[in-house]
Each structure stands twice: as structure tokens, then as C-alpha cells.
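One structure is given here, and the rest of the page talks about it.
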Amino acid sequence: YAAAWRETDGSETHFDDIGCMVLLDEERHPVGGTQYWVHDFESGEWLDALSASYVVSPDVHSPMGYGVMANTNVADSGILAAKLSNANVLTWGGLKLALKDAE
């Protein structure tokens with residue numbers, strides 16, 4: 001569930017829940033050129049957050065309770081979502097909207 005960003009000045013911020021990064025991004029609006037990463041739920045590898053696919057479900061017990069898991073692609077997210085109830089497969093933009101609306 002880990003996530004991180006690196007701003008253009010080289011400073012990094014690390015998160016134990018993807019939802020925390022998404023909401024702080026909405027609050028702080030880091031400058032253009034900021035890089036975002038998330039851990040792939042299956043492999044634990046770092047992924048580019050902007051191109052990753054996400055599954056959001058109340059069945060997912062992420063560290064801070066946002067219920068977000070990242071995957072490399074939509075197909076992997078679809079397989080994972082099919083195993084959960086009330087799961088949605090989202091892009092980065094869709095995830096930002098969903099978490100902002102849930103606040």
C-alpha cells in the first residue's frame with residue numbers, strides 16, 4: 001500500500017497508504033514535474049502512480065483505511081476486483097476524484 005512522491009527540488013514524501021498521498025496531493029498541489037510512485041499490490045515493485053491501475057473496495061484494509069490497491073495494469077486490477085465486493089477499478093484521475101468525493 002506504500003506510496004511516495006519526489007518534487008523537483010529533490011525532496012521526497014513517503015506514505016503508508018496510497019489514499020494519504022492522493023489527498024495530500026489535492027491539498028498541497030506539488031509543482032509540475034513531481035514524480036509519484038505506488039507499490040504494486042501483488043509484487044511490491046514500485047510503479048509510476050500516474051500510469052498504474054487501482055482497485056478501491058471497503059473490503060481492502062489498507063493502513064489508513066482508504067482501501068486502495070495499485071496494479072500494473074487494468075487486467076490485473078479487474079482480476080483482483082472480481083474477488084472483492086463493491087470494488088471499483090480506477091485510473092489515477094478516477095482515484096483522485098473518488099477519494100476527494102468520499103471525504
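Quick note on naming: the chains in the C-alpha cells go A, B, ... in the order shown, residues restart at 1 in each chain, and ligands are numbered from 1 in order of appearance.
Looking only at range 31-83 of chain A, the set that DSSP places in helix (DSSP H, G or I) from backbone geometry is Val74, Ala75, Asp76, Ser77, Gly78, Ile79, Leu80, Ala81 and Ala82 of chain A.
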* Using only C-alpha atoms, determine which residues lie at most 8 Å from range 39-53 of chain A, disregarding the query and same-chain residues fewer than 3 positions distant; provide the list as an NGL selection string. => :A and (1-3 or 35-36 or 69-74 or 77 or 89-92)
* To do: Run DSSP on the backbone and grab whatever in range 36-70 of chain A lands in strand (DSSP E or B); send it over as JSON, numbers by chain.
  => {"A": [36, 37, 38, 39, 40, 46, 47, 48, 53, 54, 55, 56, 68, 69, 70]}
Pull all heavy atoms from the residues just selected and write them as a compact mmCIF listing (two decimals), in the first residue's frame.
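Now in result.txt:
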# COMPACT_ATOMS: atom_id res chain seq x y z
N TYR A 36 5.42 10.54 -8.95
CA TYR A 36 4.60 9.80 -8.00
C TYR A 36 4.80 8.30 -8.21
O TYR A 36 4.80 7.83 -9.36
CB TYR A 36 3.12 10.11 -8.20
CG TYR A 36 2.77 11.56 -8.04
CD1 TYR A 36 2.90 12.46 -9.09
CD2 TYR A 36 2.28 12.02 -6.83
CE1 TYR A 36 2.57 13.79 -8.93
CE2 TYR A 36 1.94 13.35 -6.66
CZ TYR A 36 2.09 14.23 -7.72
OH TYR A 36 1.75 15.56 -7.56
N TRP A 37 4.93 7.54 -7.10
CA TRP A 37 5.06 6.10 -7.18
C TRP A 37 4.15 5.42 -6.18
O TRP A 37 3.84 5.97 -5.13
CB TRP A 37 6.50 5.66 -6.87
CG TRP A 37 7.51 6.15 -7.84
CD1 TRP A 37 7.78 5.65 -9.09
CD2 TRP A 37 8.39 7.23 -7.65
NE1 TRP A 37 8.79 6.37 -9.67
CE2 TRP A 37 9.19 7.35 -8.81
CE3 TRP A 37 8.62 8.13 -6.61
CZ2 TRP A 37 10.17 8.32 -8.95
CZ3 TRP A 37 9.59 9.10 -6.76
CH2 TRP A 37 10.35 9.18 -7.92
N VAL A 38 3.76 4.19 -6.53
CA VAL A 38 2.98 3.34 -5.64
C VAL A 38 3.53 1.92 -5.71
O VAL A 38 4.16 1.54 -6.70
CB VAL A 38 1.48 3.33 -6.04
CG1 VAL A 38 0.84 4.68 -5.77
CG2 VAL A 38 1.29 2.93 -7.50
N HIS A 39 3.32 1.14 -4.66
CA HIS A 39 3.72 -0.26 -4.66
C HIS A 39 2.66 -1.10 -5.35
O HIS A 39 1.46 -0.95 -5.05
CB HIS A 39 3.85 -0.78 -3.23
CG HIS A 39 5.23 -0.72 -2.69
ND1 HIS A 39 5.53 -1.12 -1.42
CD2 HIS A 39 6.40 -0.33 -3.24
CE1 HIS A 39 6.82 -0.98 -1.21
NE2 HIS A 39 7.37 -0.50 -2.29
N ASP A 40 3.10 -1.95 -6.26
CA ASP A 40 2.21 -2.93 -6.87
C ASP A 40 1.73 -3.88 -5.76
O ASP A 40 2.54 -4.41 -5.00
CB ASP A 40 2.95 -3.71 -7.95
CG ASP A 40 2.06 -4.71 -8.65
OD1 ASP A 40 1.86 -5.80 -8.07
OD2 ASP A 40 1.59 -4.42 -9.75
N TRP A 46 7.86 -0.92 -7.22
CA TRP A 46 7.43 0.46 -7.39
C TRP A 46 6.91 0.66 -8.81
O TRP A 46 7.53 0.23 -9.76
CB TRP A 46 8.58 1.43 -7.12
CG TRP A 46 8.91 1.56 -5.67
CD1 TRP A 46 9.99 1.03 -5.03
CD2 TRP A 46 8.16 2.26 -4.68
NE1 TRP A 46 9.96 1.36 -3.69
CE2 TRP A 46 8.85 2.12 -3.45
CE3 TRP A 46 6.98 2.99 -4.70
CZ2 TRP A 46 8.39 2.68 -2.26
CZ3 TRP A 46 6.52 3.55 -3.51
CH2 TRP A 46 7.22 3.40 -2.32
N LEU A 47 5.77 1.33 -8.92
CA LEU A 47 5.15 1.66 -10.20
C LEU A 47 4.98 3.16 -10.32
O LEU A 47 4.79 3.85 -9.31
CB LEU A 47 3.75 1.04 -10.29
CG LEU A 47 3.59 -0.45 -10.06
CD1 LEU A 47 2.10 -0.80 -10.02
CD2 LEU A 47 4.30 -1.22 -11.15
N ASP A 48 4.98 3.65 -11.54
CA ASP A 48 4.62 5.04 -11.78
C ASP A 48 3.13 5.19 -11.44
O ASP A 48 2.28 4.53 -12.04
CB ASP A 48 4.87 5.41 -13.25
CG ASP A 48 4.35 6.77 -13.59
OD1 ASP A 48 4.72 7.75 -12.91
OD2 ASP A 48 3.52 6.86 -14.53
N SER A 53 -2.91 1.17 -12.37
CA SER A 53 -4.35 0.93 -12.26
C SER A 53 -4.66 0.68 -10.79
O SER A 53 -3.83 0.13 -10.06
CB SER A 53 -4.72 -0.28 -13.11
OG SER A 53 -6.09 -0.59 -12.98
N TYR A 54 -5.85 1.04 -10.35
CA TYR A 54 -6.19 0.96 -8.92
C TYR A 54 -7.48 0.20 -8.69
O TYR A 54 -8.41 0.28 -9.50
CB TYR A 54 -6.31 2.36 -8.33
CG TYR A 54 -5.03 3.13 -8.45
CD1 TYR A 54 -4.78 3.94 -9.55
CD2 TYR A 54 -4.05 3.01 -7.48
CE1 TYR A 54 -3.58 4.61 -9.68
CE2 TYR A 54 -2.84 3.67 -7.60
CZ TYR A 54 -2.62 4.47 -8.69
OH TYR A 54 -1.42 5.12 -8.82
N VAL A 55 -7.52 -0.50 -7.57
CA VAL A 55 -8.74 -1.15 -7.10
C VAL A 55 -9.08 -0.49 -5.77
O VAL A 55 -8.22 -0.37 -4.89
CB VAL A 55 -8.54 -2.66 -6.89
CG1 VAL A 55 -9.80 -3.29 -6.29
CG2 VAL A 55 -8.18 -3.34 -8.20
N VAL A 56 -10.33 -0.07 -5.63
CA VAL A 56 -10.79 0.53 -4.39
C VAL A 56 -11.99 -0.28 -3.91
O VAL A 56 -12.93 -0.51 -4.67
CB VAL A 56 -11.20 2.01 -4.59
CG1 VAL A 56 -11.70 2.61 -3.29
CG2 VAL A 56 -10.04 2.82 -5.15
N VAL A 68 -7.30 1.18 -0.97
CA VAL A 68 -6.76 1.32 -2.33
C VAL A 68 -5.59 0.35 -2.53
O VAL A 68 -4.69 0.27 -1.69
CB VAL A 68 -6.25 2.75 -2.58
CG1 VAL A 68 -5.69 2.89 -3.99
CG2 VAL A 68 -7.36 3.77 -2.35
N MET A 69 -5.62 -0.36 -3.65
CA MET A 69 -4.52 -1.22 -4.07
C MET A 69 -4.10 -0.81 -5.47
O MET A 69 -4.96 -0.50 -6.30
CB MET A 69 -4.95 -2.69 -4.09
CG MET A 69 -5.34 -3.23 -2.74
SD MET A 69 -5.84 -4.96 -2.79
CE MET A 69 -7.35 -4.85 -3.74
N ALA A 70 -2.80 -0.83 -5.73
CA ALA A 70 -2.29 -0.49 -7.06
C ALA A 70 -1.87 -1.74 -7.81
O ALA A 70 -1.42 -2.72 -7.21
CB ALA A 70 -1.09 0.45 -6.92
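Taking CA of Ser11 in chain A and CA of Thr34 in chain A as the two end points, the separation is 9.7 Å.
Taking CA of Asp16 in chain A and CA of Pro63 in chain A as endpoints, the distance between them is 6.4 Å.
Each of A:Ile79, A:Asp25, A:Ser85, A:Pro58 was compared to Lys100 in chain A using only C-alpha atoms, and A:Asp25 turns out to be the nearest.
One distance worth recording is that between CA of Asp76 in chain A and CA of Leu23 in chain A, which is 24.3 Å.
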